[in-house]
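Trainee: Next comes the structure file entry37.tsv, holding TSV, C-alpha atoms and all ligand atoms.
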```tsv
chain	number	residue	atom	x	y	z
M	1	MET	CA	30.09	-146.88	37.64
M	2	THR	CA	30.90	-147.18	33.96
M	3	ASN	CA	33.67	-148.99	32.22
M	4	LEU	CA	35.28	-145.66	31.33
M	5	ASP	CA	35.33	-144.64	34.99
M	6	ASP	CA	37.19	-147.88	35.73
M	7	GLN	CA	39.60	-147.22	32.88
M	8	ALA	CA	40.27	-143.69	34.08
M	9	ARG	CA	41.04	-144.89	37.60
M	10	ALA	CA	43.27	-147.63	36.19
M	11	ILE	CA	45.22	-145.05	34.18
M	12	LEU	CA	45.86	-142.98	37.30
M	13	ARG	CA	47.03	-146.11	39.12
M	14	GLN	CA	49.21	-147.26	36.20
M	15	ASN	CA	50.89	-143.87	35.95
M	16	ASP	CA	51.32	-143.65	39.75
M	17	MET	CA	55.00	-143.97	40.61
M	18	GLY	CA	54.36	-143.88	44.35
M	19	GLY	CA	53.51	-140.37	45.51
M	20	TYR	CA	53.77	-138.78	42.10
M	21	THR	CA	52.14	-139.50	38.75
M	22	LEU	CA	53.61	-139.53	35.24
M	23	PRO	CA	51.58	-137.70	32.58
M	24	THR	CA	51.98	-140.90	30.51
M	25	HIS	CA	54.56	-143.64	30.27
M	26	GLY	CA	57.20	-143.17	27.56
M	27	LEU	CA	56.62	-139.63	26.29
M	28	TYR	CA	56.71	-137.94	29.71
M	29	PRO	CA	58.55	-140.18	32.21
M	30	TYR	CA	58.78	-137.71	35.13
M	31	GLN	CA	56.55	-135.54	37.31
M	32	TRP	CA	55.20	-132.49	35.48
M	33	ASN	CA	53.89	-129.55	37.46
M	34	TRP	CA	50.38	-128.82	36.15
M	35	ASP	CA	49.80	-132.41	35.06
M	36	SER	CA	50.39	-133.40	38.66
M	37	ALA	CA	47.87	-130.88	39.98
M	38	PHE	CA	45.23	-132.32	37.63
M	39	ALA	CA	46.23	-135.83	38.74
M	40	ALA	CA	45.56	-134.82	42.33
M	41	TRP	CA	42.06	-133.65	41.41
M	42	GLY	CA	41.40	-136.99	39.70
M	43	PHE	CA	42.69	-139.01	42.64
M	44	ALA	CA	40.45	-137.03	44.98
M	45	THR	CA	37.40	-138.71	43.43
M	46	PHE	CA	38.42	-142.09	44.88
M	47	ASP	CA	41.48	-141.67	47.15
M	48	ASN	CA	41.59	-138.36	49.02
M	49	ALA	CA	44.86	-139.09	50.83
M	50	ARG	CA	46.58	-139.95	47.54
M	51	ALA	CA	45.42	-136.62	46.10
M	52	TRP	CA	47.20	-134.71	48.87
M	53	ASP	CA	50.28	-136.93	48.45
M	54	GLU	CA	50.49	-135.80	44.82
M	55	LEU	CA	50.45	-132.13	45.80
M	56	ASP	CA	53.00	-132.83	48.55
M	57	THR	CA	55.55	-134.37	46.17
M	58	LEU	CA	55.03	-131.51	43.74
M	59	MET	CA	55.50	-128.80	46.35
M	60	ALA	CA	58.47	-130.61	47.92
M	61	SER	CA	60.44	-129.71	44.79
M	62	GLN	CA	60.26	-126.02	45.71
M	63	TRP	CA	63.37	-123.94	45.13
M	64	GLU	CA	64.66	-121.54	47.77
M	65	SER	CA	63.26	-118.73	45.64
M	66	GLY	CA	59.76	-120.17	46.00
M	67	MET	CA	59.54	-121.43	42.42
M	68	ILE	CA	57.97	-124.82	41.80
M	69	PRO	CA	59.70	-126.25	38.73
M	70	HIS	CA	57.93	-127.60	35.68
M	71	ILE	CA	59.58	-131.05	35.73
M	72	ILE	CA	60.87	-133.08	38.69
M	73	PHE	CA	63.29	-135.76	37.53
M	74	HIS	CA	62.71	-138.24	40.35
M	75	GLN	CA	64.63	-141.02	38.66
M	76	PRO	CA	66.84	-141.27	35.56
M	77	ASP	CA	65.08	-142.04	32.28
M	78	PRO	CA	66.89	-141.98	28.96
M	79	GLY	CA	63.56	-141.77	27.11
M	80	TYR	CA	63.16	-138.00	27.56
M	81	PHE	CA	65.06	-135.01	26.20
M	82	PRO	CA	66.09	-132.55	27.65
M	83	GLY	CA	66.83	-134.39	30.88
M	84	PRO	CA	68.56	-133.25	34.08
M	85	ASP	CA	72.01	-133.29	32.43
M	86	VAL	CA	70.85	-130.54	30.07
M	87	TRP	CA	69.10	-128.39	32.68
M	88	GLN	CA	71.86	-128.66	35.31
M	89	THR	CA	69.91	-126.82	37.98
M	90	GLY	CA	71.81	-128.36	40.91
M	91	GLN	CA	68.58	-129.19	42.74
M	92	SER	CA	67.86	-132.37	44.65
M	93	PRO	CA	65.80	-134.07	43.36
M	94	ALA	CA	66.91	-132.79	39.97
M	95	THR	CA	64.45	-130.42	38.33
M	96	SER	CA	64.07	-128.22	35.29
M	97	GLY	CA	64.78	-124.50	35.73
M	98	ILE	CA	61.43	-122.97	34.75
M	99	SER	CA	57.91	-123.17	36.16
M	100	GLN	CA	54.49	-124.07	34.73
M	101	PRO	CA	50.87	-122.87	35.10
M	102	PRO	CA	50.21	-122.32	38.83
M	103	ILE	CA	47.01	-124.30	39.15
M	104	ALA	CA	47.96	-126.24	42.30
M	105	ALA	CA	46.00	-123.86	44.58
M	106	ILE	CA	42.96	-124.12	42.28
M	107	MET	CA	43.10	-127.90	42.55
M	108	ALA	CA	43.86	-127.80	46.29
M	109	ARG	CA	40.67	-125.83	46.85
M	110	LEU	CA	38.59	-128.26	44.77
M	111	ILE	CA	40.09	-131.21	46.65
M	112	PHE	CA	39.71	-129.54	50.06
M	113	GLU	CA	36.07	-128.79	49.41
M	114	MET	CA	35.43	-132.44	48.49
M	115	ASP	CA	36.36	-133.48	52.07
M	116	GLU	CA	37.32	-130.66	54.42
M	117	ASP	CA	37.79	-132.88	57.48
M	118	ALA	CA	40.20	-135.22	55.71
M	119	GLY	CA	42.04	-132.35	54.04
M	120	ARG	CA	42.47	-129.72	56.74
M	121	GLU	CA	45.78	-130.87	58.19
M	122	ARG	CA	47.12	-131.81	54.75
M	123	LEU	CA	46.26	-128.34	53.51
M	124	ARG	CA	47.80	-126.72	56.57
M	125	ALA	CA	51.12	-128.42	55.77
M	126	LEU	CA	50.99	-127.41	52.12
M	127	TYR	CA	49.73	-123.87	52.49
M	128	PRO	CA	53.03	-122.05	53.26
M	129	ARG	CA	54.64	-123.56	50.16
M	130	LEU	CA	51.73	-122.44	47.98
M	131	VAL	CA	52.01	-118.94	49.41
M	132	ASP	CA	55.76	-118.87	48.71
M	133	TRP	CA	55.19	-120.00	45.12
M	134	HIS	CA	52.54	-117.35	44.53
M	135	ARG	CA	54.86	-114.73	46.04
M	136	TRP	CA	57.53	-115.84	43.55
M	137	TRP	CA	55.10	-115.31	40.67
M	138	HIS	CA	54.15	-111.89	42.00
M	139	GLU	CA	57.66	-110.65	42.74
M	140	VAL	CA	59.62	-112.30	39.93
M	141	ARG	CA	57.21	-112.74	37.05
M	142	CYS	CA	54.57	-110.04	37.44
M	143	THR	CA	57.01	-107.11	37.40
M	144	HIS	CA	55.59	-105.98	34.03
M	145	GLY	CA	51.97	-106.34	35.24
M	146	PRO	CA	50.60	-109.53	33.69
M	147	ALA	CA	52.34	-112.87	34.32
M	148	ALA	CA	55.46	-113.25	32.19
M	149	ILE	CA	56.95	-116.47	30.90
M	150	VAL	CA	60.62	-116.93	30.01
M	151	HIS	CA	60.17	-120.09	27.94
M	152	PRO	CA	57.20	-121.35	25.88
M	153	TRP	CA	57.31	-124.59	27.91
M	154	GLU	CA	56.48	-122.53	30.97
M	155	SER	CA	53.06	-121.63	29.51
M	156	GLY	CA	52.12	-125.32	29.19
M	157	ARG	CA	50.92	-124.38	25.67
M	158	ASP	CA	54.35	-124.97	24.17
M	159	ASN	CA	54.12	-124.24	20.45
M	160	CYS	CA	50.92	-122.21	20.25
M	161	PRO	CA	51.04	-119.31	17.78
M	162	ASP	CA	50.91	-116.87	20.74
M	163	TRP	CA	54.68	-117.32	21.12
M	164	ASP	CA	55.72	-116.99	17.46
M	165	ILE	CA	56.70	-113.32	17.70
M	166	GLY	CA	58.83	-114.00	20.78
M	167	MET	CA	60.40	-117.11	19.27
M	168	ASP	CA	61.40	-115.12	16.18
M	169	GLY	CA	63.90	-113.31	18.40
M	170	VAL	CA	65.50	-116.51	19.74
M	171	ASP	CA	68.60	-117.70	17.91
M	172	GLY	CA	68.65	-121.51	17.87
M	173	SER	CA	71.47	-121.81	15.36
M	174	GLY	CA	74.21	-122.23	17.96
M	175	VAL	CA	72.66	-125.24	19.66
M	176	GLY	CA	74.85	-128.34	19.24
M	177	PRO	CA	73.57	-131.72	18.04
M	178	TYR	CA	70.98	-133.43	20.20
M	179	GLU	CA	68.52	-136.25	19.84
M	180	ARG	CA	64.85	-135.61	20.39
M	181	ARG	CA	63.09	-138.45	22.19
M	182	ASP	CA	59.50	-137.26	21.82
M	183	LEU	CA	59.45	-138.33	18.18
M	184	GLY	CA	60.04	-141.93	19.22
M	185	HIS	CA	56.66	-141.83	20.97
M	186	VAL	CA	54.45	-139.52	18.89
M	187	HIS	CA	54.33	-138.75	15.16
M	188	ALA	CA	56.28	-135.62	14.17
M	189	ASP	CA	53.15	-134.10	12.58
M	190	MET	CA	51.69	-133.81	16.08
M	191	ARG	CA	54.77	-132.34	17.78
M	192	PRO	CA	56.75	-129.06	17.63
M	193	THR	CA	59.22	-128.59	14.74
M	194	LYS	CA	63.04	-128.88	14.83
M	195	GLU	CA	63.28	-125.06	14.60
M	196	ASP	CA	61.09	-124.85	17.71
M	197	TYR	CA	63.28	-127.34	19.55
M	198	ASP	CA	66.53	-125.56	18.61
M	199	ARG	CA	65.09	-122.42	20.14
M	200	TYR	CA	63.69	-124.23	23.18
M	201	ILE	CA	67.16	-125.58	23.89
M	202	ALA	CA	68.84	-122.21	23.24
M	203	ILE	CA	66.62	-120.67	25.94
M	204	VAL	CA	67.51	-123.50	28.35
M	205	GLU	CA	71.21	-122.91	27.60
M	206	PHE	CA	70.81	-119.22	28.46
M	207	GLY	CA	69.27	-120.07	31.84
M	208	ARG	CA	71.97	-122.60	32.56
M	209	GLY	CA	74.62	-120.05	31.55
M	210	VAL	CA	73.42	-117.53	34.14
M	211	GLY	CA	73.10	-120.20	36.85
M	212	TRP	CA	69.29	-120.01	36.71
M	213	ASN	CA	69.38	-116.50	38.13
M	214	ASP	CA	65.74	-115.31	37.94
M	215	ALA	CA	66.52	-111.61	37.64
M	216	LYS	CA	69.01	-112.12	34.78
M	217	ILE	CA	66.66	-114.42	32.92
M	218	VAL	CA	63.87	-111.82	33.10
M	219	SER	CA	66.09	-108.84	32.27
M	220	ASP	CA	68.37	-110.36	29.58
M	221	GLY	CA	66.94	-113.73	28.52
M	222	PRO	CA	66.13	-114.48	24.89
M	223	PHE	CA	62.37	-114.77	25.47
M	224	LEU	CA	59.96	-112.82	27.67
M	225	MET	CA	56.25	-112.73	26.92
M	226	ALA	CA	53.09	-111.89	28.83
M	227	ASP	CA	50.92	-115.02	28.94
M	228	PRO	CA	47.15	-114.47	29.21
M	229	GLY	CA	46.68	-118.14	30.15
M	230	ILE	CA	49.01	-118.03	33.14
M	231	THR	CA	47.77	-114.58	34.10
M	232	PHE	CA	44.20	-115.87	34.42
M	233	MET	CA	45.15	-119.13	36.10
M	234	LEU	CA	47.33	-117.25	38.59
M	235	LEU	CA	44.57	-114.75	39.31
M	236	ARG	CA	42.08	-117.54	39.96
M	237	ALA	CA	44.72	-119.37	42.01
M	238	HIS	CA	45.37	-116.25	44.14
M	239	ASP	CA	41.64	-116.03	44.87
M	240	ASP	CA	41.44	-119.73	45.69
M	241	LEU	CA	44.52	-119.56	47.89
M	242	ALA	CA	42.94	-116.70	49.82
M	243	VAL	CA	39.80	-118.82	50.33
M	244	LEU	CA	41.97	-121.68	51.62
M	245	GLY	CA	43.93	-119.36	53.88
M	246	ARG	CA	40.73	-118.01	55.41
M	247	ALA	CA	39.53	-121.58	56.03
M	248	LEU	CA	42.75	-122.15	57.98
M	249	GLY	CA	42.36	-118.90	59.92
M	250	GLU	CA	45.38	-117.27	58.20
M	251	ASP	CA	45.82	-113.59	57.39
M	252	VAL	CA	45.37	-113.47	53.61
M	253	SER	CA	45.81	-109.73	53.03
M	254	GLU	CA	49.12	-110.25	51.19
M	255	ILE	CA	47.46	-112.70	48.77
M	256	GLU	CA	44.50	-110.37	48.26
M	257	GLY	CA	46.98	-107.62	47.40
M	258	TRP	CA	48.64	-109.78	44.72
M	259	ALA	CA	45.23	-110.53	43.22
M	260	THR	CA	44.21	-106.85	43.16
M	261	THR	CA	47.47	-105.85	41.50
M	262	LEU	CA	47.23	-108.60	38.90
M	263	ARG	CA	43.60	-107.80	38.12
M	264	SER	CA	44.52	-104.17	37.53
M	265	ALA	CA	47.08	-105.31	34.90
M	266	LEU	CA	44.50	-107.09	32.73
M	267	PRO	CA	43.97	-104.07	30.40
M	268	LEU	CA	47.63	-104.50	29.36
M	269	ILE	CA	46.81	-107.82	27.70
M	270	TRP	CA	43.57	-106.68	26.09
M	271	ASN	CA	44.15	-106.18	22.36
M	272	ASP	CA	41.48	-103.92	20.84
M	273	ALA	CA	42.54	-104.88	17.32
M	274	LEU	CA	41.89	-108.55	18.12
M	275	ASN	CA	38.89	-107.93	20.37
M	276	ALA	CA	40.33	-110.38	22.85
M	277	PHE	CA	42.99	-110.92	25.47
M	278	ASP	CA	46.29	-111.52	23.73
M	279	ALA	CA	49.91	-112.49	24.43
M	280	ARG	CA	52.51	-109.72	24.32
M	281	ASN	CA	56.22	-109.61	23.68
M	282	LEU	CA	57.51	-107.82	26.77
M	283	ARG	CA	60.80	-106.90	25.07
M	284	ASN	CA	59.05	-104.47	22.72
M	285	GLY	CA	55.38	-104.36	23.74
M	286	ALA	CA	54.09	-105.96	20.51
M	287	PHE	CA	50.90	-107.99	20.67
M	288	ALA	CA	50.90	-111.50	19.18
M	289	ASN	CA	47.70	-110.54	17.32
M	290	ILE	CA	46.40	-114.07	17.40
M	291	LEU	CA	43.62	-115.70	19.35
M	292	GLY	CA	44.73	-118.57	21.58
M	293	SER	CA	42.87	-120.71	24.11
M	294	GLY	CA	44.71	-118.93	26.94
M	295	ALA	CA	42.41	-115.94	26.32
M	296	PHE	CA	39.35	-118.02	27.25
M	297	LEU	CA	40.79	-118.81	30.65
M	298	ALA	CA	39.63	-115.26	31.43
M	299	TYR	CA	36.36	-116.87	32.55
M	300	LEU	CA	38.29	-118.75	35.22
M	301	ALA	CA	39.32	-115.41	36.71
M	302	GLY	CA	35.91	-113.76	36.35
M	303	ALA	CA	37.22	-111.61	33.50
M	304	GLY	CA	34.92	-112.66	30.66
M	305	ASN	CA	33.17	-110.00	28.58
M	306	PRO	CA	30.81	-109.88	25.56
M	307	GLN	CA	33.59	-109.33	22.98
M	308	LEU	CA	35.46	-112.33	24.29
M	309	GLU	CA	32.31	-114.43	24.13
M	310	THR	CA	31.89	-113.45	20.48
M	311	GLN	CA	35.45	-114.59	19.80
M	312	LEU	CA	34.99	-117.80	21.78
M	313	LEU	CA	31.89	-118.75	19.83
M	314	ARG	CA	33.46	-117.82	16.49
M	315	ALA	CA	36.51	-120.03	17.10
M	316	TRP	CA	34.51	-122.84	18.68
M	317	ASP	CA	31.80	-122.87	15.97
M	318	ALA	CA	34.51	-123.13	13.31
M	319	VAL	CA	35.37	-126.65	14.57
M	320	ASN	CA	33.24	-129.59	15.71
M	321	TYR	CA	34.58	-130.75	19.08
M	322	GLY	CA	35.87	-128.65	21.94
M	323	VAL	CA	37.55	-125.26	22.09
M	324	PRO	CA	40.51	-125.21	19.69
M	325	SER	CA	43.91	-124.21	21.11
M	326	ALA	CA	44.45	-121.73	18.27
M	327	ASP	CA	42.22	-119.75	15.94
M	328	PRO	CA	40.79	-122.04	13.20
M	329	GLU	CA	40.35	-119.03	10.93
M	330	THR	CA	44.06	-118.21	10.62
M	331	ALA	CA	46.73	-119.61	8.30
M	332	SER	CA	48.81	-121.03	11.16
M	333	PHE	CA	45.95	-123.26	12.37
M	334	ASN	CA	46.88	-126.94	12.30
M	335	PRO	CA	44.26	-129.24	13.90
M	336	ARG	CA	46.78	-131.93	14.92
M	337	LYS	CA	49.94	-130.02	15.76
M	338	TYR	CA	50.05	-129.92	19.54
M	339	TRP	CA	49.00	-126.41	20.64
M	340	ARG	CA	48.48	-124.96	17.14
M	341	GLY	CA	44.87	-126.10	16.85
M	342	PRO	CA	43.97	-129.32	18.71
M	343	THR	CA	41.45	-129.27	21.53
M	344	TRP	CA	42.82	-130.18	24.95
M	345	PRO	CA	40.44	-131.82	27.45
M	346	VAL	CA	42.17	-130.21	30.42
M	347	VAL	CA	41.89	-126.70	29.02
M	348	ASN	CA	38.24	-127.39	28.21
M	349	ALA	CA	37.72	-128.38	31.86
M	350	LEU	CA	39.25	-125.12	33.11
M	351	ILE	CA	37.27	-123.02	30.63
M	352	ALA	CA	34.09	-124.82	31.73
M	353	ILE	CA	34.76	-124.09	35.41
M	354	GLY	CA	35.01	-120.44	34.37
M	355	LEU	CA	31.89	-120.50	32.18
M	356	ASN	CA	29.87	-122.04	35.01
M	357	ALA	CA	31.04	-119.34	37.40
M	358	ASP	CA	30.07	-116.74	34.79
M	359	GLY	CA	26.51	-118.11	34.66
M	360	ARG	CA	27.04	-119.71	31.24
M	361	SER	CA	26.21	-123.26	32.26
M	362	ASP	CA	24.76	-123.81	28.76
M	363	LEU	CA	28.18	-123.28	27.18
M	364	ALA	CA	29.92	-125.24	29.94
M	365	GLU	CA	27.60	-128.18	29.29
M	366	ARG	CA	28.22	-128.03	25.54
M	367	LEU	CA	31.95	-128.11	26.20
M	368	ARG	CA	31.61	-131.04	28.59
M	369	ALA	CA	29.49	-133.04	26.16
M	370	GLU	CA	31.87	-132.48	23.23
M	371	THR	CA	34.92	-133.38	25.34
M	372	ALA	CA	33.19	-136.49	26.68
M	373	GLU	CA	32.35	-137.61	23.15
M	374	LEU	CA	36.02	-137.41	22.12
M	375	ILE	CA	37.05	-139.52	25.09
M	376	ARG	CA	34.20	-142.01	24.61
M	377	THR	CA	35.08	-142.41	20.95
M	378	HIS	CA	38.86	-142.80	21.24
M	379	GLY	CA	39.99	-143.08	24.87
M	380	PHE	CA	42.12	-140.98	27.16
M	381	TYR	CA	44.42	-139.20	24.70
M	382	GLU	CA	46.48	-136.10	25.38
M	383	TYR	CA	44.67	-133.93	22.78
M	384	PHE	CA	42.34	-134.33	19.79
M	385	ASP	CA	41.79	-132.95	16.31
M	386	PRO	CA	38.77	-130.67	16.91
M	387	VAL	CA	37.54	-131.07	13.34
M	388	ASP	CA	37.54	-134.83	12.73
M	389	THR	CA	38.20	-136.17	16.32
M	390	THR	CA	41.55	-137.88	15.46
M	391	PRO	CA	43.22	-138.73	18.79
M	392	CYS	CA	46.64	-137.10	19.12
M	393	GLY	CA	49.76	-137.19	21.29
M	394	GLY	CA	50.20	-139.63	24.18
M	395	LYS	CA	47.56	-142.17	25.14
M	396	ASN	CA	46.41	-143.34	28.59
M	397	PHE	CA	47.03	-139.78	29.66
M	398	THR	CA	46.78	-138.94	33.35
M	399	TRP	CA	45.16	-135.53	33.10
M	400	THR	CA	42.58	-136.65	30.56
M	401	ALA	CA	41.64	-139.52	32.90
M	402	ALA	CA	41.53	-137.06	35.80
M	403	ILE	CA	39.16	-134.60	34.12
M	404	TRP	CA	36.99	-137.51	33.02
M	405	LEU	CA	36.48	-138.50	36.64
M	406	THR	CA	36.00	-134.96	37.94
M	407	TRP	CA	34.17	-133.23	35.12
M	408	ALA	CA	33.60	-134.84	31.74
M	409	SER	CA	31.86	-138.13	32.62
M	501	LIG	C1	57.65	-131.47	26.32
M	501	LIG	O1	58.73	-132.04	26.50
M	501	LIG	O2	57.01	-131.55	25.28
M	501	LIG	C2	57.05	-130.73	27.40
M	501	LIG	O3	55.85	-130.14	27.05
M	501	LIG	C3	57.96	-129.73	28.00
M	501	LIG	O4	57.41	-129.41	29.22
```
Reformat the file's structure so that it appears as structure tokens.
Mentor:
Amino acid sequence: MTNLDDQARAILRQNDMGGYTLPTHGLYPYQWNWDSAFAAWGFATFDNARAWDELDTLMASQWESGMIPHIIFHQPDPGYFPGPDVWQTGQSPATSGISQPPIAAIMARLIFEMDEDAGRERLRALYPRLVDWHRWWHEVRCTHGPAAIVHPWESGRDNCPDWDIGMDGVDGSGVGPYERRDLGHVHADMRPTKEDYDRYIAIVEFGRGVGWNDAKIVSDGPFLMADPGITFMLLRAHDDLAVLGRALGEDVSEIEGWATTLRSALPLIWNDALNAFDARNLRNGAFANILGSGAFLAYLAGAGNPQLETQLLRAWDAVNYGVPSADPETASFNPRKYWRGPTWPVVNALIAIGLNADGRSDLAERLRAETAELIRTHGFYEYFDPVDTTPCGGKNFTWTAAIWLTWAS
């Protein structure tokens, strides 16, 4: 047991609100979807029951459609914008109106395999909700082939350059005055711009205006892009959900069908000009033409290839610590600006799971060691400058503590 292990556990406990965990106090004062799934994985290293509790509270927010929202506003907090009064989704508890990377089944499998006896009945209770969420992704968001997002926030990689071509088509000029709260917690240089926020809110206003009708948002909304990151996470999650279903004695043929269909759509997000998987504007078919860390999640879904490895090593070798969230050899690269360059410990953990499965344990170990050094040097920050190690974003961050306990230490 090291001091950092103790600190990581203490962070999970401090951010534990009783059944759900905040990403960090102040900046993110609610339950966030994929943060929560990582939290569960972290809890599983010392409190298996608490890990399943986390997944339970997340899945309990499920909409009738099957969607699991990206934020669950369990209790009022004036420190965050946009709160439930802006989203107006009419859910109880209040939630946002979009989703987030569907990694809960990936984490559920990892947690289940850590203690199958303790987890079997917990998994059995959770399983139908996971299936319904995956069906929602398949039926609502994979109608173009790869997984589509209707808001950059849905990708989890909010302001990465992948979304620039889609955001160009969003008119943020009609959004009324509002006060950002994130800038009270983190320096503006490390957060999205005002132009980004105007557009983020304009997209929320569209969803609210159509009563959060999924079909209208996909057919007429201001933003619709194919996300390589979510596509690969969903594909891996389908496979993991099928493994879990088999362990419970369920018929998993429907899930296997979703996975086969999604895998057959991968050529649609392969950009020959970039020599990598790439985001695509689904309104006009245009590729983003920029390398983002979502492409490297291909390894998680068993979809790595030699060209992608060349791109991974080029981008990674251009910085010093961890896989950068955006291509360091492009003009838009900014090593401290959220998803436009920083390295994110949680994404590194997912990429490493994929690299290990691909037989590249050498690369996975390099990634682990570099991520661990960042955390050892500065603590459990949200993200880091991959060039000079500057810690960025929120501190005492749940998911960074979680991946320390499960992977990086
Ligand atoms: C934020 O508020 O920055 C979040 O990333 C949105 O989910």
Trainee: Step by step, measure atom-to-atom distances between ligand LIG 501 (chain M) and each residue using all atoms listed in the file, keep those at most 9 Å, then write them as JSON, numbers by chain.
Mentor: {"M": [27, 28, 32, 33, 70, 71, 80, 81, 82, 100, 152, 153, 154, 155, 156, 157, 158, 181, 182, 191, 192]}
Trainee: Pick out the closest residue to Ala8 in chain M from this set: M:Gly379, M:Gly166, M:Pro342, M:Pro386. Count all atoms listed in the file.
Mentor: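 Nearest to Ala8 in chain M: M:Gly379.
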Trainee: Of the candidates M:Gly26, M:Gly83, M:Gly294, M:Gly42, which one gets nearest to Phe232 in chain M if we count only C-alpha atoms?
Mentor: M:Gly294
Trainee: My list of candidates is M:Ala349, M:Ala40, M:Ala357, M:Met107. Which is closest to Val323 in chain M when distances are computed with only C-alpha atoms?
Mentor: M:Ala349
Trainee: Determine the nearest neighbour of Arg263 in chain M from the options M:Arg280, M:Lys337, M:His138, M:His187, counting only C-alpha atoms.
Mentor: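 Closest residue, counting only C-alpha atoms: M:His138.
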Trainee: The residues within 12 Å of (38.2, -108.8, 25.2), using only C-alpha atoms and the coordinates of the file, should be reported as a PDB file with C-alpha atoms, keeping the file's coordinate frame; which are they?
Mentor:
```
ATOM      1  CA  PRO M 228      47.150-114.470  29.210  1.00  0.00           C
ATOM      2  CA  LEU M 266      44.500-107.090  32.730  1.00  0.00           C
ATOM      3  CA  PRO M 267      43.970-104.070  30.400  1.00  0.00           C
ATOM      4  CA  LEU M 268      47.630-104.500  29.360  1.00  0.00           C
ATOM      5  CA  ILE M 269      46.810-107.820  27.700  1.00  0.00           C
ATOM      6  CA  TRP M 270      43.570-106.680  26.090  1.00  0.00           C
ATOM      7  CA  ASN M 271      44.150-106.180  22.360  1.00  0.00           C
ATOM      8  CA  ASP M 272      41.480-103.920  20.840  1.00  0.00           C
ATOM      9  CA  ALA M 273      42.540-104.880  17.320  1.00  0.00           C
ATOM     10  CA  LEU M 274      41.890-108.550  18.120  1.00  0.00           C
ATOM     11  CA  ASN M 275      38.890-107.930  20.370  1.00  0.00           C
ATOM     12  CA  ALA M 276      40.330-110.380  22.850  1.00  0.00           C
ATOM     13  CA  PHE M 277      42.990-110.920  25.470  1.00  0.00           C
ATOM     14  CA  ASP M 278      46.290-111.520  23.730  1.00  0.00           C
ATOM     15  CA  LEU M 291      43.620-115.700  19.350  1.00  0.00           C
ATOM     16  CA  ALA M 295      42.410-115.940  26.320  1.00  0.00           C
ATOM     17  CA  PHE M 296      39.350-118.020  27.250  1.00  0.00           C
ATOM     18  CA  LEU M 297      40.790-118.810  30.650  1.00  0.00           C
ATOM     19  CA  ALA M 298      39.630-115.260  31.430  1.00  0.00           C
ATOM     20  CA  TYR M 299      36.360-116.870  32.550  1.00  0.00           C
ATOM     21  CA  ALA M 303      37.220-111.610  33.500  1.00  0.00           C
ATOM     22  CA  GLY M 304      34.920-112.660  30.660  1.00  0.00           C
ATOM     23  CA  ASN M 305      33.170-110.000  28.580  1.00  0.00           C
ATOM     24  CA  PRO M 306      30.810-109.880  25.560  1.00  0.00           C
ATOM     25  CA  GLN M 307      33.590-109.330  22.980  1.00  0.00           C
ATOM     26  CA  LEU M 308      35.460-112.330  24.290  1.00  0.00           C
ATOM     27  CA  GLU M 309      32.310-114.430  24.130  1.00  0.00           C
ATOM     28  CA  THR M 310      31.890-113.450  20.480  1.00  0.00           C
ATOM     29  CA  GLN M 311      35.450-114.590  19.800  1.00  0.00           C
ATOM     30  CA  LEU M 312      34.990-117.800  21.780  1.00  0.00           C
TER      31      LEU M 312
END
```
Trainee: Using only C-alpha atoms, list the residues that have an atom at most 6 Å from (42.3, -120.5, 41.3), coordinates as in the file, as an MDAnalysis selection string.
Mentor: chainID M and resid 105:106 236:240
Trainee: Could you please determine the separation between CA of Arg368 in chain M and CA of Leu110 in chain M in Å, to one decimal place?
Mentor: 17.8 Å
Trainee: Would you mind reading off the distance between CA of Met17 in chain M and CA of Glu121 in chain M, one decimal, in Å?
Mentor: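 Separating CA of Met17 in chain M from CA of Glu121 in chain M is a distance of 23.8 Å.
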Trainee: Pick out the residues sitting within 9 Å of Ile72 in chain M, and hand them over as a PDB file with C-alpha atoms, in the coordinates of the input; count all atoms listed in the file, and ignore anything fewer than 4 positions along from it in its own chain.
Mentor:
```pdb
ATOM      1  CA  TYR M  30      58.780-137.710  35.130  1.00  0.00           C
ATOM      2  CA  GLN M  31      56.550-135.540  37.310  1.00  0.00           C
ATOM      3  CA  TRP M  32      55.200-132.490  35.480  1.00  0.00           C
ATOM      4  CA  ASN M  33      53.890-129.550  37.460  1.00  0.00           C
ATOM      5  CA  LEU M  58      55.030-131.510  43.740  1.00  0.00           C
ATOM      6  CA  SER M  61      60.440-129.710  44.790  1.00  0.00           C
ATOM      7  CA  PRO M  84      68.560-133.250  34.080  1.00  0.00           C
ATOM      8  CA  PRO M  93      65.800-134.070  43.360  1.00  0.00           C
ATOM      9  CA  ALA M  94      66.910-132.790  39.970  1.00  0.00           C
ATOM     10  CA  THR M  95      64.450-130.420  38.330  1.00  0.00           C
ATOM     11  CA  SER M  96      64.070-128.220  35.290  1.00  0.00           C
TER      12      SER M  96
END
```
Trainee: Near Asp6 in chain M, counting all atoms listed in the file, which residues have an atom at most 12 Å away, once you skip same-chain residues fewer than 3 positions from it, shown as a ChimeraX atom specification?
Mentor: /M:1-3,9-13,45-46,401-402,404-405,409
Trainee: May I ask which of the residues M:Phe38, M:Trp133, M:Trp316, M:Trp339 is the closest one to Pro23 in chain M, counting all atoms listed in the file?
Mentor: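 Distance minimum relative to Pro23 in chain M lands on M:Phe38.
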Trainee: Starting from 6 Å padding per side, set up an axis-aligned box that covers all listed atoms of range 121-135 of chain M and hand over centre and edge lengths in Å, one decimal, as AutoDock Vina command-line options.
Mentor:
```
--center_x 50.8 --center_y -123.3 --center_z 51.4 --size_x 22.0 --size_y 29.1 --size_z 25.7
```
